[in-house]
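Note: the block below is structure24.cif and it holds mmCIF, N, CA and C atoms.
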```cif
data_protein
#
loop_
_atom_site.label_atom_id
_atom_site.label_comp_id
_atom_site.auth_asym_id
_atom_site.auth_seq_id
_atom_site.Cartn_x
_atom_site.Cartn_y
_atom_site.Cartn_z
N MET J 1 0.82 -1.19 0.00
CA MET J 1 0.00 0.00 0.00
C MET J 1 0.86 1.25 0.00
N GLY J 2 1.94 1.26 0.78
CA GLY J 2 2.82 2.41 0.84
C GLY J 2 3.47 2.69 -0.50
N TYR J 3 3.84 1.62 -1.23
CA TYR J 3 4.48 1.77 -2.54
C TYR J 3 3.53 2.44 -3.52
N GLU J 4 2.26 2.00 -3.52
CA GLU J 4 1.28 2.58 -4.44
C GLU J 4 1.07 4.05 -4.12
N LYS J 5 1.06 4.39 -2.83
CA LYS J 5 0.86 5.78 -2.44
C LYS J 5 2.05 6.63 -2.90
N SER J 6 3.28 6.12 -2.74
CA SER J 6 4.44 6.89 -3.16
C SER J 6 4.47 7.03 -4.68
N MET J 7 4.02 6.01 -5.41
CA MET J 7 3.97 6.10 -6.87
C MET J 7 2.99 7.18 -7.31
N SER J 8 1.83 7.27 -6.65
CA SER J 8 0.85 8.29 -7.04
C SER J 8 1.39 9.67 -6.71
N ASN J 9 2.14 9.83 -5.61
CA ASN J 9 2.74 11.13 -5.28
C ASN J 9 3.76 11.53 -6.33
N GLU J 10 4.58 10.58 -6.81
CA GLU J 10 5.56 10.87 -7.84
C GLU J 10 4.88 11.27 -9.14
N GLN J 11 3.80 10.58 -9.49
CA GLN J 11 3.07 10.92 -10.71
C GLN J 11 2.44 12.30 -10.59
N ASP J 12 1.91 12.64 -9.41
CA ASP J 12 1.32 13.96 -9.20
C ASP J 12 2.38 15.05 -9.33
N GLN J 13 3.59 14.80 -8.84
CA GLN J 13 4.67 15.78 -8.91
C GLN J 13 5.08 16.04 -10.36
N THR J 14 5.10 14.99 -11.20
CA THR J 14 5.52 15.19 -12.59
C THR J 14 4.44 15.91 -13.39
N LYS J 15 3.18 15.82 -12.99
CA LYS J 15 2.10 16.50 -13.69
C LYS J 15 1.96 17.95 -13.24
N ARG J 16 2.53 18.29 -12.10
CA ARG J 16 2.42 19.62 -11.54
C ARG J 16 3.22 20.61 -12.37
N LEU J 17 2.64 21.78 -12.64
CA LEU J 17 3.34 22.83 -13.37
C LEU J 17 4.03 23.75 -12.37
N LEU J 18 5.21 24.25 -12.76
CA LEU J 18 6.02 25.08 -11.89
C LEU J 18 5.89 26.56 -12.26
N THR J 19 6.03 27.42 -11.27
CA THR J 19 6.00 28.86 -11.49
C THR J 19 7.40 29.35 -11.85
N VAL J 20 7.49 30.61 -12.26
CA VAL J 20 8.79 31.22 -12.58
C VAL J 20 9.68 31.20 -11.34
N ALA J 21 9.12 31.55 -10.19
CA ALA J 21 9.89 31.58 -8.95
C ALA J 21 10.43 30.19 -8.59
N GLU J 22 9.63 29.15 -8.79
CA GLU J 22 10.07 27.79 -8.49
C GLU J 22 11.19 27.35 -9.43
N VAL J 23 11.07 27.71 -10.71
CA VAL J 23 12.11 27.35 -11.67
C VAL J 23 13.39 28.12 -11.35
N ALA J 24 13.26 29.40 -11.02
CA ALA J 24 14.43 30.20 -10.67
C ALA J 24 15.13 29.61 -9.45
N ASP J 25 14.37 29.18 -8.49
CA ASP J 25 14.95 28.57 -7.29
C ASP J 25 15.63 27.25 -7.63
N TRP J 26 15.00 26.45 -8.48
CA TRP J 26 15.56 25.16 -8.89
C TRP J 26 16.90 25.36 -9.61
N LEU J 27 16.97 26.36 -10.49
CA LEU J 27 18.17 26.60 -11.27
C LEU J 27 19.18 27.50 -10.55
N SER J 28 18.78 28.03 -9.40
CA SER J 28 19.62 28.97 -8.63
C SER J 28 19.99 30.20 -9.45
N VAL J 29 18.98 30.75 -10.11
CA VAL J 29 19.15 31.98 -10.89
C VAL J 29 18.01 32.92 -10.53
N SER J 30 18.04 34.13 -11.07
CA SER J 30 16.98 35.10 -10.80
C SER J 30 15.76 34.82 -11.68
N ALA J 31 14.63 35.34 -11.26
CA ALA J 31 13.40 35.20 -12.05
C ALA J 31 13.55 35.93 -13.39
N SER J 32 14.27 37.05 -13.40
CA SER J 32 14.44 37.78 -14.66
C SER J 32 15.25 36.96 -15.67
N LEU J 33 16.22 36.18 -15.19
CA LEU J 33 16.98 35.32 -16.11
C LEU J 33 16.09 34.22 -16.67
N VAL J 34 15.17 33.70 -15.88
CA VAL J 34 14.21 32.71 -16.38
C VAL J 34 13.37 33.33 -17.49
N HIS J 35 12.92 34.57 -17.28
CA HIS J 35 12.14 35.26 -18.32
C HIS J 35 12.97 35.46 -19.58
N GLN J 36 14.26 35.79 -19.44
CA GLN J 36 15.13 35.97 -20.60
C GLN J 36 15.29 34.67 -21.37
N ILE J 37 15.41 33.56 -20.67
CA ILE J 37 15.55 32.25 -21.30
C ILE J 37 14.28 31.92 -22.09
N VAL J 38 13.13 32.24 -21.50
CA VAL J 38 11.85 32.01 -22.17
C VAL J 38 11.74 32.86 -23.42
N GLU J 39 12.07 34.17 -23.30
CA GLU J 39 11.96 35.08 -24.43
C GLU J 39 12.91 34.68 -25.56
N ALA J 40 14.04 34.06 -25.22
CA ALA J 40 14.99 33.59 -26.24
C ALA J 40 14.51 32.31 -26.92
N GLY J 41 13.41 31.74 -26.43
CA GLY J 41 12.85 30.53 -27.04
C GLY J 41 13.59 29.26 -26.66
N LYS J 42 14.37 29.31 -25.59
CA LYS J 42 15.14 28.14 -25.19
C LYS J 42 14.39 27.23 -24.23
N LEU J 43 13.29 27.72 -23.69
CA LEU J 43 12.54 26.95 -22.70
C LEU J 43 11.05 27.07 -23.00
N PRO J 44 10.38 25.94 -23.28
CA PRO J 44 8.95 26.00 -23.57
C PRO J 44 8.13 26.30 -22.31
N VAL J 45 7.03 27.02 -22.51
CA VAL J 45 6.17 27.40 -21.39
C VAL J 45 4.71 27.20 -21.74
N TYR J 46 3.89 27.19 -20.72
CA TYR J 46 2.44 27.25 -20.86
C TYR J 46 2.02 28.64 -20.39
N ARG J 47 1.19 29.32 -21.15
CA ARG J 47 0.64 30.60 -20.73
C ARG J 47 -0.82 30.36 -20.38
N ILE J 48 -1.15 30.62 -19.13
CA ILE J 48 -2.47 30.31 -18.63
C ILE J 48 -3.16 31.61 -18.23
N GLY J 49 -4.37 31.81 -18.74
CA GLY J 49 -5.13 33.00 -18.37
C GLY J 49 -5.27 33.97 -19.52
N ASN J 50 -5.79 35.15 -19.21
CA ASN J 50 -6.04 36.19 -20.21
C ASN J 50 -4.77 36.95 -20.56
N GLY J 51 -4.79 37.60 -21.73
CA GLY J 51 -3.62 38.36 -22.15
C GLY J 51 -2.45 37.44 -22.40
N ARG J 52 -1.29 37.85 -21.92
CA ARG J 52 -0.11 36.98 -22.06
C ARG J 52 -0.18 35.82 -21.10
N GLY J 53 -0.94 35.97 -20.03
CA GLY J 53 -1.17 34.89 -19.10
C GLY J 53 -0.01 34.63 -18.15
N ALA J 54 -0.26 33.81 -17.17
CA ALA J 54 0.76 33.39 -16.22
C ALA J 54 1.62 32.31 -16.87
N ILE J 55 2.90 32.35 -16.62
CA ILE J 55 3.82 31.39 -17.22
C ILE J 55 3.98 30.21 -16.28
N ARG J 56 3.87 29.00 -16.85
CA ARG J 56 4.07 27.76 -16.08
C ARG J 56 4.97 26.82 -16.89
N PHE J 57 5.70 25.98 -16.17
CA PHE J 57 6.67 25.09 -16.78
C PHE J 57 6.43 23.65 -16.36
N ARG J 58 6.73 22.72 -17.26
CA ARG J 58 6.73 21.30 -16.90
C ARG J 58 8.11 20.94 -16.39
N PRO J 59 8.21 20.15 -15.32
CA PRO J 59 9.52 19.76 -14.79
C PRO J 59 10.40 19.06 -15.83
N GLU J 60 9.81 18.24 -16.68
CA GLU J 60 10.61 17.53 -17.68
C GLU J 60 11.19 18.49 -18.72
N ASP J 61 10.52 19.62 -18.98
CA ASP J 61 11.07 20.62 -19.89
C ASP J 61 12.29 21.30 -19.28
N ILE J 62 12.26 21.51 -17.97
CA ILE J 62 13.40 22.11 -17.28
C ILE J 62 14.58 21.14 -17.33
N GLU J 63 14.32 19.87 -17.11
CA GLU J 63 15.39 18.87 -17.16
C GLU J 63 15.99 18.78 -18.56
N SER J 64 15.16 18.86 -19.59
CA SER J 64 15.66 18.84 -20.97
C SER J 64 16.52 20.07 -21.25
N TYR J 65 16.08 21.22 -20.76
CA TYR J 65 16.85 22.44 -20.93
C TYR J 65 18.22 22.30 -20.25
N LEU J 66 18.24 21.75 -19.04
CA LEU J 66 19.49 21.56 -18.32
C LEU J 66 20.43 20.61 -19.06
N ASP J 67 19.87 19.54 -19.62
CA ASP J 67 20.69 18.61 -20.39
C ASP J 67 21.35 19.30 -21.58
N GLY J 68 20.61 20.22 -22.21
CA GLY J 68 21.15 20.96 -23.35
C GLY J 68 22.20 21.98 -22.96
N CYS J 69 22.20 22.40 -21.71
CA CYS J 69 23.18 23.38 -21.23
C CYS J 69 24.50 22.76 -20.84
N ARG J 70 24.51 21.48 -20.68
CA ARG J 70 25.71 20.81 -20.16
C ARG J 70 26.83 20.82 -21.20
N THR J 71 28.02 21.15 -20.74
CA THR J 71 29.20 21.06 -21.59
C THR J 71 30.22 20.19 -20.88
N GLU J 72 30.97 19.48 -21.65
CA GLU J 72 32.01 18.63 -21.09
C GLU J 72 33.28 19.46 -20.94
N LYS J 73 34.06 19.13 -19.95
CA LYS J 73 35.30 19.83 -19.73
C LYS J 73 36.27 19.52 -20.87
N VAL J 74 36.85 20.55 -21.43
CA VAL J 74 37.81 20.40 -22.51
C VAL J 74 39.19 20.21 -21.89
N VAL J 75 39.82 19.11 -22.22
CA VAL J 75 41.15 18.83 -21.69
C VAL J 75 42.18 19.25 -22.73
N ARG J 76 43.03 20.17 -22.35
CA ARG J 76 44.08 20.62 -23.26
C ARG J 76 45.36 19.85 -22.98
N PRO J 77 46.05 19.47 -24.02
CA PRO J 77 47.30 18.73 -23.80
C PRO J 77 48.31 19.63 -23.09
N PRO J 78 49.10 19.03 -22.21
CA PRO J 78 50.10 19.84 -21.53
C PRO J 78 51.12 20.36 -22.52
N GLY J 79 51.61 21.52 -22.26
CA GLY J 79 52.58 22.11 -23.17
C GLY J 79 52.82 23.55 -22.78
N ARG J 80 53.51 24.22 -23.62
CA ARG J 80 53.85 25.61 -23.36
C ARG J 80 52.64 26.50 -23.58
N LYS J 81 52.43 27.41 -22.65
CA LYS J 81 51.34 28.36 -22.80
C LYS J 81 51.72 29.39 -23.85
N VAL J 82 50.78 29.69 -24.70
CA VAL J 82 51.02 30.68 -25.74
C VAL J 82 50.51 32.02 -25.25
N ARG J 83 51.43 32.98 -25.19
CA ARG J 83 51.05 34.32 -24.77
C ARG J 83 50.56 35.10 -25.97
N PRO J 84 49.53 35.90 -25.79
CA PRO J 84 49.05 36.70 -26.93
C PRO J 84 50.09 37.77 -27.29
N ARG J 85 50.20 38.05 -28.54
CA ARG J 85 51.13 39.07 -29.00
C ARG J 85 50.48 40.43 -28.80
N LEU J 86 51.17 41.28 -28.10
CA LEU J 86 50.63 42.61 -27.77
C LEU J 86 51.17 43.66 -28.72
N LYS J 87 50.32 44.60 -29.05
CA LYS J 87 50.74 45.72 -29.88
C LYS J 87 50.92 46.93 -28.95
N HIS J 88 52.02 47.61 -29.12
CA HIS J 88 52.28 48.78 -28.29
C HIS J 88 51.96 50.05 -29.08
N LEU J 89 51.48 51.02 -28.37
CA LEU J 89 51.14 52.30 -28.97
C LEU J 89 52.30 53.27 -28.77
N ARG J 90 52.55 54.09 -29.75
CA ARG J 90 53.56 55.13 -29.64
C ARG J 90 52.84 56.46 -29.46
N LEU J 91 53.20 57.15 -28.43
CA LEU J 91 52.63 58.46 -28.18
C LEU J 91 53.65 59.52 -28.57
N ASP J 92 53.31 60.41 -29.45
CA ASP J 92 54.23 61.46 -29.89
C ASP J 92 53.93 62.77 -29.21
#
```
Any chance you could put this one into structure tokens?
Amino acid sequence: MGYEKSMSNEQDQTKRLLTVAEVADWLSVSASLVHQIVEAGKLPVYRIGNGRGAIRFRPEDIESYLDGCRTEKVVRPPGRKVRPRLKHLRLD
């Protein structure tokens, strides 16, 4: 019985839509950055209500966005560091 109850709670959590504040908290960023990500078309949203509506997110969409943000560490072979060549200005 306990297992069935925990399964229904997990299913309810995945169906629940998240607010901008909840997504910002999850990603540890500001709400304005979440809005910028949405406006850039990088994160799908649901708009609920009149006008532009309230923005809501599916948890799986957030996870997909995070997967797309991941970069692997680039390992550079050991060797001599190359210094940039600087141009000097002459003042007359």
Box for stretch 64-72 of chain J - axis-aligned, 4 Å on each of the six sides, all listed atoms - centre and size in Å to one decimal, as AutoDock Vina command-line options.
```
--center_x 24.2 --center_y 21.0 --center_z -20.8 --size_x 26.1 --size_y 12.8 --size_z 13.0
```
Kindly assemble as a Markdown table a list of the stretch 53-73 of chain J residues that lie within 8 Å of stretch 37-47 of chain J, each paired with its nearest atom pair and their distance in Å to one decimal, using all atoms listed in the file, sorted first by chain and then by ascending residue number.
```
| residue | atom | partner | partner_atom | distance |
| --- | --- | --- | --- | --- |
| J:Gly53 | CA | J:Arg47 | C | 4.7 |
| J:Ala54 | C | J:Arg47 | CA | 4.3 |
| J:Ile55 | CA | J:Tyr46 | C | 4.6 |
| J:Arg56 | C | J:Tyr46 | N | 4.0 |
| J:Phe57 | N | J:Tyr46 | N | 5.0 |
| J:Arg58 | N | J:Val45 | CA | 6.3 |
| J:Asp61 | CA | J:Pro44 | N | 6.3 |
| J:Ile62 | N | J:Pro44 | N | 7.2 |
| J:Tyr65 | CA | J:Lys42 | C | 6.3 |
```
* What is the atom C of J:Pro59-atom N of J:Trp26 distance in Å, reported with one decimal? ->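 Straight-line distance from atom C of J:Pro59 to atom N of J:Trp26 works out to 11.4 Å.
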* To do: From a DSSP pass on the backbone, collect the residues of stretch 6-56 of chain J flagged as strand (DSSP E or B) and hand them back as a ChimeraX atom specification.
  => /J:18,46-48,54-56
How about saving the chosen residues, N, CA and C atoms kept, as a short mmCIF file (atom, residue, chain, number, x, y, z; two decimals), in the coordinates of the input?
```
data_model
loop_
_atom_site.label_atom_id
_atom_site.label_comp_id
_atom_site.auth_asym_id
_atom_site.auth_seq_id
_atom_site.Cartn_x
_atom_site.Cartn_y
_atom_site.Cartn_z
N LEU J 18 5.21 24.25 -12.76
CA LEU J 18 6.02 25.08 -11.89
C LEU J 18 5.89 26.56 -12.26
N TYR J 46 3.89 27.19 -20.72
CA TYR J 46 2.44 27.25 -20.86
C TYR J 46 2.02 28.64 -20.39
N ARG J 47 1.19 29.32 -21.15
CA ARG J 47 0.64 30.60 -20.73
C ARG J 47 -0.82 30.36 -20.38
N ILE J 48 -1.15 30.62 -19.13
CA ILE J 48 -2.47 30.31 -18.63
C ILE J 48 -3.16 31.61 -18.23
N ALA J 54 -0.26 33.81 -17.17
CA ALA J 54 0.76 33.39 -16.22
C ALA J 54 1.62 32.31 -16.87
N ILE J 55 2.90 32.35 -16.62
CA ILE J 55 3.82 31.39 -17.22
C ILE J 55 3.98 30.21 -16.28
N ARG J 56 3.87 29.00 -16.85
CA ARG J 56 4.07 27.76 -16.08
C ARG J 56 4.97 26.82 -16.89
#
```
* **Distance in Å - atom C of J:Arg83 versus atom N of J:Thr71** =>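 Distance between the two atoms: 27.0 Å.
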* Structure fact -> re atom CA of J:Ala24 and atom CA of J:Gln36: distance 11.5 Å
* Backbone DSSP call of helix (DSSP H, G or I) for chain J, listed as a PyMOL selection string -> chain J and resi 2-15+20-27+31-39+59-69
